[in-house]
Amino acid sequence: MSAKKTAGSTLKITLTKSLIGRNKGHVATANSLGLRKIGQTVEQPKNDATIGKINKISYLVSVEE
């Protein structure tokens, strides 16, 4: 089974606030998305796991489709 990639199937996630002094779980979640520095942007697939991570640290990131 292979999933077809369509336009808009990725999310651009940007770290907008510092991770210093944050809950360890929130820092780990940001790191698992590939975010380590303020202003860093990564592209992640739009799926339930990624959306759950974004919801957990929504106060630290901005998201574009």
# chains A, B, ... in the order shown; residues from 1 in each chain; ligands from 1
>>> select_by_dssp(residues="range 3-35 of chain A", states="alpha helix (DSSP H)", output="compact mmCIF listing (two decimals) with N, CA and C atoms, in the first residue's frame")
# COMPACT_ATOMS: atom_id res chain seq x y z
N LYS A 24 10.17 19.74 29.93
CA LYS A 24 11.05 18.82 29.22
C LYS A 24 10.33 18.07 28.11
N GLY A 25 9.07 17.73 28.35
CA GLY A 25 8.30 17.04 27.32
C GLY A 25 8.04 17.91 26.11
N HIS A 26 7.85 19.20 26.32
CA HIS A 26 7.61 20.12 25.21
C HIS A 26 8.89 20.34 24.41
N VAL A 27 10.02 20.41 25.09
CA VAL A 27 11.30 20.54 24.40
C VAL A 27 11.56 19.29 23.56
N ALA A 28 11.29 18.13 24.13
CA ALA A 28 11.48 16.87 23.40
C ALA A 28 10.56 16.80 22.18
N THR A 29 9.35 17.29 22.30
CA THR A 29 8.42 17.30 21.18
C THR A 29 8.92 18.21 20.07
N ALA A 30 9.41 19.39 20.43
CA ALA A 30 9.96 20.31 19.43
C ALA A 30 11.16 19.67 18.74
N ASN A 31 12.02 19.04 19.50
CA ASN A 31 13.19 18.38 18.92
C ASN A 31 12.79 17.24 17.99
N SER A 32 11.73 16.52 18.34
CA SER A 32 11.30 15.41 17.49
C SER A 32 10.74 15.90 16.16
>>> residues_around(residues="Thr50 in chain A", least_positions_apart="3", cutoff="12 Å", atoms="only C-alpha atoms", output="PDB file with C-alpha atoms, in the first residue's frame")
ATOM      1  CA  SER A   9       0.267  17.214   2.235  1.00  0.00           C
ATOM      2  CA  THR A  10       3.081  18.846   4.192  1.00  0.00           C
ATOM      3  CA  LEU A  11       3.110  21.488   6.902  1.00  0.00           C
ATOM      4  CA  LYS A  12       5.717  24.223   7.355  1.00  0.00           C
ATOM      5  CA  ILE A  13       6.405  24.539  11.069  1.00  0.00           C
ATOM      6  CA  THR A  29       8.418  17.300  21.184  1.00  0.00           C
ATOM      7  CA  ALA A  30       9.960  20.312  19.426  1.00  0.00           C
ATOM      8  CA  SER A  32      11.299  15.410  17.493  1.00  0.00           C
ATOM      9  CA  LEU A  33       9.838  17.755  14.876  1.00  0.00           C
ATOM     10  CA  GLY A  34      13.384  18.860  14.006  1.00  0.00           C
ATOM     11  CA  VAL A  42      10.921  22.466   8.866  1.00  0.00           C
ATOM     12  CA  GLU A  43       8.498  20.647   6.607  1.00  0.00           C
ATOM     13  CA  GLN A  44       6.681  17.672   8.102  1.00  0.00           C
ATOM     14  CA  PRO A  45       4.012  15.409   6.608  1.00  0.00           C
ATOM     15  CA  LYS A  46       0.452  16.295   7.486  1.00  0.00           C
ATOM     16  CA  ASN A  47      -0.685  13.321   9.564  1.00  0.00           C
ATOM     17  CA  LYS A  53       2.803  17.246  18.315  1.00  0.00           C
ATOM     18  CA  ILE A  54       1.860  20.686  16.988  1.00  0.00           C
ATOM     19  CA  ASN A  55      -1.152  20.836  19.310  1.00  0.00           C
ATOM     20  CA  LYS A  56       1.076  20.012  22.282  1.00  0.00           C
ATOM     21  CA  ILE A  57       3.489  22.889  21.590  1.00  0.00           C
ATOM     22  CA  SER A  58       1.164  25.274  19.728  1.00  0.00           C
ATOM     23  CA  VAL A  63       2.210  26.568  11.154  1.00  0.00           C
TER      24      VAL A  63
END
>>> decode(residues="range 33-50 of chain A", atoms="N, CA, C and O atoms", output="PDB file, in the first residue's frame")
ATOM      1  N   LEU A  33      10.284  17.154  16.129  1.00  0.00           N
ATOM      2  CA  LEU A  33       9.838  17.755  14.876  1.00  0.00           C
ATOM      3  C   LEU A  33      11.016  18.314  14.079  1.00  0.00           C
ATOM      4  O   LEU A  33      10.857  18.747  12.944  1.00  0.00           O
ATOM      5  N   GLY A  34      12.203  18.338  14.683  1.00  0.00           N
ATOM      6  CA  GLY A  34      13.384  18.860  14.006  1.00  0.00           C
ATOM      7  C   GLY A  34      13.641  20.321  14.298  1.00  0.00           C
ATOM      8  O   GLY A  34      14.439  20.962  13.620  1.00  0.00           O
ATOM      9  N   LEU A  35      12.979  20.872  15.321  1.00  0.00           N
ATOM     10  CA  LEU A  35      13.119  22.286  15.665  1.00  0.00           C
ATOM     11  C   LEU A  35      14.085  22.448  16.831  1.00  0.00           C
ATOM     12  O   LEU A  35      13.877  21.869  17.892  1.00  0.00           O
ATOM     13  N   ARG A  36      15.138  23.240  16.626  1.00  0.00           N
ATOM     14  CA  ARG A  36      16.115  23.436  17.676  1.00  0.00           C
ATOM     15  C   ARG A  36      16.440  24.905  17.929  1.00  0.00           C
ATOM     16  O   ARG A  36      16.796  25.284  19.026  1.00  0.00           O
ATOM     17  N   LYS A  37      16.319  25.755  16.904  1.00  0.00           N
ATOM     18  CA  LYS A  37      16.647  27.173  17.039  1.00  0.00           C
ATOM     19  C   LYS A  37      15.432  28.032  16.705  1.00  0.00           C
ATOM     20  O   LYS A  37      14.628  27.675  15.852  1.00  0.00           O
ATOM     21  N   ILE A  38      15.344  29.187  17.346  1.00  0.00           N
ATOM     22  CA  ILE A  38      14.263  30.123  17.058  1.00  0.00           C
ATOM     23  C   ILE A  38      14.368  30.553  15.589  1.00  0.00           C
ATOM     24  O   ILE A  38      15.452  30.849  15.097  1.00  0.00           O
ATOM     25  N   GLY A  39      13.238  30.553  14.902  1.00  0.00           N
ATOM     26  CA  GLY A  39      13.213  30.947  13.501  1.00  0.00           C
ATOM     27  C   GLY A  39      13.447  29.801  12.540  1.00  0.00           C
ATOM     28  O   GLY A  39      13.291  29.974  11.336  1.00  0.00           O
ATOM     29  N   GLN A  40      13.812  28.649  13.050  1.00  0.00           N
ATOM     30  CA  GLN A  40      14.049  27.490  12.190  1.00  0.00           C
ATOM     31  C   GLN A  40      12.716  26.960  11.662  1.00  0.00           C
ATOM     32  O   GLN A  40      11.739  26.860  12.392  1.00  0.00           O
ATOM     33  N   THR A  41      12.675  26.634  10.372  1.00  0.00           N
ATOM     34  CA  THR A  41      11.470  26.118   9.737  1.00  0.00           C
ATOM     35  C   THR A  41      11.754  24.732   9.180  1.00  0.00           C
ATOM     36  O   THR A  41      12.803  24.505   8.576  1.00  0.00           O
ATOM     37  N   VAL A  42      10.819  23.821   9.412  1.00  0.00           N
ATOM     38  CA  VAL A  42      10.921  22.466   8.866  1.00  0.00           C
ATOM     39  C   VAL A  42       9.614  22.112   8.174  1.00  0.00           C
ATOM     40  O   VAL A  42       8.574  22.695   8.463  1.00  0.00           O
ATOM     41  N   GLU A  43       9.694  21.174   7.251  1.00  0.00           N
ATOM     42  CA  GLU A  43       8.498  20.647   6.607  1.00  0.00           C
ATOM     43  C   GLU A  43       8.264  19.241   7.124  1.00  0.00           C
ATOM     44  O   GLU A  43       9.183  18.422   7.117  1.00  0.00           O
ATOM     45  N   GLN A  44       7.054  18.983   7.574  1.00  0.00           N
ATOM     46  CA  GLN A  44       6.681  17.672   8.102  1.00  0.00           C
ATOM     47  C   GLN A  44       5.421  17.214   7.378  1.00  0.00           C
ATOM     48  O   GLN A  44       4.605  18.033   6.956  1.00  0.00           O
ATOM     49  N   PRO A  45       5.234  15.905   7.247  1.00  0.00           N
ATOM     50  CA  PRO A  45       4.012  15.409   6.608  1.00  0.00           C
ATOM     51  C   PRO A  45       2.791  15.737   7.449  1.00  0.00           C
ATOM     52  O   PRO A  45       2.869  15.790   8.671  1.00  0.00           O
ATOM     53  N   LYS A  46       1.693  15.987   6.776  1.00  0.00           N
ATOM     54  CA  LYS A  46       0.452  16.295   7.486  1.00  0.00           C
ATOM     55  C   LYS A  46      -0.229  14.977   7.836  1.00  0.00           C
ATOM     56  O   LYS A  46      -0.867  14.344   6.992  1.00  0.00           O
ATOM     57  N   ASN A  47      -0.042  14.541   9.081  1.00  0.00           N
ATOM     58  CA  ASN A  47      -0.685  13.321   9.564  1.00  0.00           C
ATOM     59  C   ASN A  47      -1.066  13.514  11.032  1.00  0.00           C
ATOM     60  O   ASN A  47      -0.777  14.550  11.624  1.00  0.00           O
ATOM     61  N   ASP A  48      -1.736  12.522  11.586  1.00  0.00           N
ATOM     62  CA  ASP A  48      -2.231  12.650  12.958  1.00  0.00           C
ATOM     63  C   ASP A  48      -1.108  12.839  13.969  1.00  0.00           C
ATOM     64  O   ASP A  48      -1.252  13.607  14.923  1.00  0.00           O
ATOM     65  N   ALA A  49       0.011  12.147  13.784  1.00  0.00           N
ATOM     66  CA  ALA A  49       1.121  12.266  14.734  1.00  0.00           C
ATOM     67  C   ALA A  49       1.692  13.678  14.744  1.00  0.00           C
ATOM     68  O   ALA A  49       1.925  14.262  15.811  1.00  0.00           O
ATOM     69  N   THR A  50       1.910  14.231  13.561  1.00  0.00           N
ATOM     70  CA  THR A  50       2.464  15.580  13.470  1.00  0.00           C
ATOM     71  C   THR A  50       1.500  16.610  14.036  1.00  0.00           C
ATOM     72  O   THR A  50       1.901  17.513  14.767  1.00  0.00           O
TER      73      THR A  50
END
